[in-house]
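*Asks:* What follows is a structure written as structure tokens; I'll ask about it next.
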Amino acid sequence: MVHRIGFLLLPDYQLLDVAGPMTVFETANRGYKVELISASGGVIRSSGGADLQTRPLADCSPCQTLLVCGGVGAVAAEIDSAAVDLLNLHMSRGQRVASVCTGAFVLAQAGCLKGKRATTHWRYAGELARRYPDVSVEADRIWIRDGAVWTSAGVSAGMDLAMAMVAEDQGSSIARQIAKELVIYYRRPGRQSQFSALLETVDTGGRFAELLTWIRENIGVAHSVESLAARTAMSPRHFSRAFRAETGVTPARAVEQMRLEIAREWVERRTHSLTHVARATGYGSADRMRNSFLRNLGVPPQSIRRSF
């Protein structure tokens with residue numbers, strides 16, 4: 001039985017958001033038929049200048065999976081009513097609806113993410129949360145599945161999303177073969193973080209960049225909402241609300257993520273024992289650090305150290 005996958009493109013899409021997942025499904029070479037579609041059909045230009053030929057929505061056959069590709073156009077565009085109708089039709093039938101990167105803005109605009117957990121590229125997570133407060137945005141996830149709705153982070157994370165879909169559709173053995181063929185991870189868990197997102201926020205500025213820098217420089221000490229709010233001269237409640245609006249995560253999650261990222265760097269360097277790394281980065285013990293790695297990365301620090 002053929003599983004039809006429609007890739008919905010908007011002008012100024014990110015080419016890798018299309019090409020990455022398409023390559024995964026193509027390599028599966030078993031039961032998938034991919035189709036590029038757009039509101040009116042014809043040639044659609046990517047943000048990088050590449051042109052792809054699409055079919056108009058009205059001419060497309062029903063799809064089992066409808067995937068919205070991201071890019072700068074997805075954030076800015078008012079989507080066509082026919083696209084909204086198509087997305088809602090898929091939702092009503094319980095068929096799979098997905099997005100890569102900022103394609104989540106299109107799903108949210110169509111109402112597909114209302115009351116659901118979702119992710120997008122970390123740089124746009126705060127904006128997604130502000131525009132659509134009825135969406136539970138998890139800024140630091142690679143991909144999320146909430147029922148029949150799947151969302152992923154930016155660019156290469158679309159391949160992780162596609163790999164997870166193949167594993168569900170055809171089994172883990174096929175997914176492993178694809179990973180071997182494409183020389184990529186078999187399956188990064190969706191709960192794995194978009195590494196360095198908060199550290200990038202420090203480098204690119206923002207309302208809380210100075211605070212994040214201070215946390216990074218003092219990662220070995222305990223941090224609380226109250227102590228961080230005091231540093232910004234805000235009440236804890238106002239600080240928590242403003243911080244999440246700016247970064248897309250809670251202060252507690254931000255501290256945990258930065259602690260994890262810094263600890264991971266130390267683990268990869270192999271210059272200190274795991275116990276030393278745990279104490280220096282604020283975990284307190286190697287067991288606590290191990291639990292954090294398992295919860296967020298899906299692997300213990302020992303496995304990461306061995307791989308380096």
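Residues are named by chain letter and number: chains run A, B, ... in the order of the structure tokens, numbers start at 1 in each chain, and ligands are numbered from 1 in the order shown.
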Set out as a Markdown table a contact list for stretch 117-166 of chain A and stretch 63-77 of chain A with a cut-off of 10 Å, giving each residue of stretch 117-166 of chain A that qualifies its closest atom pair and distance in Å to one decimal, counting only C-alpha atoms, ordered by chain and rising residue number.

*Replies:*
```
| residue | atom | partner | partner_atom | distance |
| --- | --- | --- | --- | --- |
| A:Thr120 | CA | A:Gly70 | CA | 9.1 |
| A:His121 | CA | A:Gly70 | CA | 9.3 |
| A:Tyr124 | CA | A:Val75 | CA | 8.7 |
| A:Glu127 | CA | A:Val75 | CA | 9.3 |
| A:Leu128 | CA | A:Val75 | CA | 8.9 |
| A:Ala148 | CA | A:Thr65 | CA | 9.4 |
| A:Val149 | CA | A:Leu67 | CA | 9.8 |
| A:Trp150 | CA | A:Leu67 | CA | 8.8 |
| A:Thr151 | CA | A:Leu67 | CA | 9.2 |
| A:Ser152 | CA | A:Gly70 | CA | 9.9 |
| A:Ala153 | CA | A:Gly70 | CA | 9.6 |
| A:Gly154 | CA | A:Gly70 | CA | 7.9 |
| A:Val155 | CA | A:Gly70 | CA | 8.2 |
| A:Gly158 | CA | A:Cys69 | CA | 9.0 |
| A:Ala162 | CA | A:Leu67 | CA | 10.0 |
| A:Met165 | CA | A:Thr65 | CA | 9.7 |
```

*Asks:* Would you export the selected residues with N, CA, C and O atoms as a PDB file, in the first residue's frame, please?

*Replies:*
```pdb
ATOM      1  N   THR A 120       9.831  24.224  17.327  1.00  0.00           N
ATOM      2  CA  THR A 120      10.275  24.844  16.092  1.00  0.00           C
ATOM      3  C   THR A 120      11.746  25.202  16.279  1.00  0.00           C
ATOM      4  O   THR A 120      12.346  24.850  17.304  1.00  0.00           O
ATOM      5  N   HIS A 121      12.330  25.880  15.325  1.00  0.00           N
ATOM      6  CA  HIS A 121      13.710  26.323  15.486  1.00  0.00           C
ATOM      7  C   HIS A 121      13.798  27.212  16.722  1.00  0.00           C
ATOM      8  O   HIS A 121      12.950  28.084  16.944  1.00  0.00           O
ATOM      9  N   TYR A 124      13.028  30.937  16.775  1.00  0.00           N
ATOM     10  CA  TYR A 124      11.660  31.417  16.562  1.00  0.00           C
ATOM     11  C   TYR A 124      10.678  30.916  17.619  1.00  0.00           C
ATOM     12  O   TYR A 124       9.484  31.218  17.535  1.00  0.00           O
ATOM     13  N   GLU A 127       8.749  33.668  19.507  1.00  0.00           N
ATOM     14  CA  GLU A 127       7.759  34.320  18.655  1.00  0.00           C
ATOM     15  C   GLU A 127       6.537  33.422  18.458  1.00  0.00           C
ATOM     16  O   GLU A 127       5.394  33.899  18.470  1.00  0.00           O
ATOM     17  N   LEU A 128       6.764  32.130  18.279  1.00  0.00           N
ATOM     18  CA  LEU A 128       5.646  31.197  18.138  1.00  0.00           C
ATOM     19  C   LEU A 128       4.777  31.195  19.389  1.00  0.00           C
ATOM     20  O   LEU A 128       3.542  31.215  19.314  1.00  0.00           O
ATOM     21  N   ALA A 148      -1.590  12.956  16.279  1.00  0.00           N
ATOM     22  CA  ALA A 148      -1.265  12.834  14.859  1.00  0.00           C
ATOM     23  C   ALA A 148      -0.454  14.027  14.355  1.00  0.00           C
ATOM     24  O   ALA A 148      -0.156  14.111  13.163  1.00  0.00           O
ATOM     25  N   VAL A 149      -0.114  14.947  15.251  1.00  0.00           N
ATOM     26  CA  VAL A 149       0.625  16.151  14.861  1.00  0.00           C
ATOM     27  C   VAL A 149       2.085  16.015  15.283  1.00  0.00           C
ATOM     28  O   VAL A 149       2.396  15.786  16.446  1.00  0.00           O
ATOM     29  N   TRP A 150       2.984  16.174  14.316  1.00  0.00           N
ATOM     30  CA  TRP A 150       4.419  16.087  14.550  1.00  0.00           C
ATOM     31  C   TRP A 150       5.050  17.432  14.186  1.00  0.00           C
ATOM     32  O   TRP A 150       4.727  18.021  13.154  1.00  0.00           O
ATOM     33  N   THR A 151       5.945  17.913  15.022  1.00  0.00           N
ATOM     34  CA  THR A 151       6.688  19.144  14.722  1.00  0.00           C
ATOM     35  C   THR A 151       8.156  18.895  15.009  1.00  0.00           C
ATOM     36  O   THR A 151       8.508  18.075  15.860  1.00  0.00           O
ATOM     37  N   SER A 152       9.022  19.621  14.297  1.00  0.00           N
ATOM     38  CA  SER A 152      10.462  19.438  14.522  1.00  0.00           C
ATOM     39  C   SER A 152      11.164  20.777  14.546  1.00  0.00           C
ATOM     40  O   SER A 152      10.625  21.802  14.120  1.00  0.00           O
ATOM     41  N   ALA A 153      12.379  20.751  15.035  1.00  0.00           N
ATOM     42  CA  ALA A 153      13.229  21.933  15.072  1.00  0.00           C
ATOM     43  C   ALA A 153      13.750  22.221  13.668  1.00  0.00           C
ATOM     44  O   ALA A 153      13.255  21.684  12.680  1.00  0.00           O
ATOM     45  N   GLY A 154      14.770  23.063  13.583  1.00  0.00           N
ATOM     46  CA  GLY A 154      15.222  23.553  12.299  1.00  0.00           C
ATOM     47  C   GLY A 154      16.044  22.568  11.482  1.00  0.00           C
ATOM     48  O   GLY A 154      16.669  21.653  12.005  1.00  0.00           O
ATOM     49  N   VAL A 155      16.002  22.810  10.192  1.00  0.00           N
ATOM     50  CA  VAL A 155      16.804  22.176   9.145  1.00  0.00           C
ATOM     51  C   VAL A 155      17.071  20.688   9.359  1.00  0.00           C
ATOM     52  O   VAL A 155      16.200  19.865   9.089  1.00  0.00           O
ATOM     53  N   GLY A 158      14.633  17.980  10.628  1.00  0.00           N
ATOM     54  CA  GLY A 158      13.598  17.409   9.775  1.00  0.00           C
ATOM     55  C   GLY A 158      13.914  15.973   9.383  1.00  0.00           C
ATOM     56  O   GLY A 158      13.002  15.152   9.190  1.00  0.00           O
ATOM     57  N   ALA A 162      11.669  12.644  10.039  1.00  0.00           N
ATOM     58  CA  ALA A 162      11.360  11.664   9.003  1.00  0.00           C
ATOM     59  C   ALA A 162      11.814  10.261   9.408  1.00  0.00           C
ATOM     60  O   ALA A 162      11.118   9.269   9.150  1.00  0.00           O
ATOM     61  N   MET A 165       9.320   8.795  11.704  1.00  0.00           N
ATOM     62  CA  MET A 165       8.124   8.366  10.973  1.00  0.00           C
ATOM     63  C   MET A 165       8.347   7.030  10.274  1.00  0.00           C
ATOM     64  O   MET A 165       7.491   6.145  10.302  1.00  0.00           O
TER      65      MET A 165
END
```

*Asks:* Identify, on the basis of only C-alpha atoms, every residue whose closest approach to stretch 264-279 of chain A does not exceed 7 Å; exclude the query and any residue fewer than 3 positions from it along the same chain; express the result as an MDAnalysis selection string.

*Replies:* chainID A and resid 220 260:261 282:286 289 301 304:305 308

*Asks:* Hey, can you check how far atom CA of A:Ala230 sits from atom CA of A:Ala263?

*Replies:* 25.9 Å

*Asks:* Running DSSP on the backbone, which parts of stretch 24-252 of chain A land in strand (DSSP E or B), as an MDAnalysis selection string?

*Replies:* chainID A and resid 32:38 42:46 51:56 65:68 71 96:100 117:118 136:137 141 143:146 149:152 193

*Asks:* Could you work out how far atom CA of A:Pro11 lies from atom CA of A:Ile79, giving the answer in Å with one decimal?

*Replies:* 10.7 Å
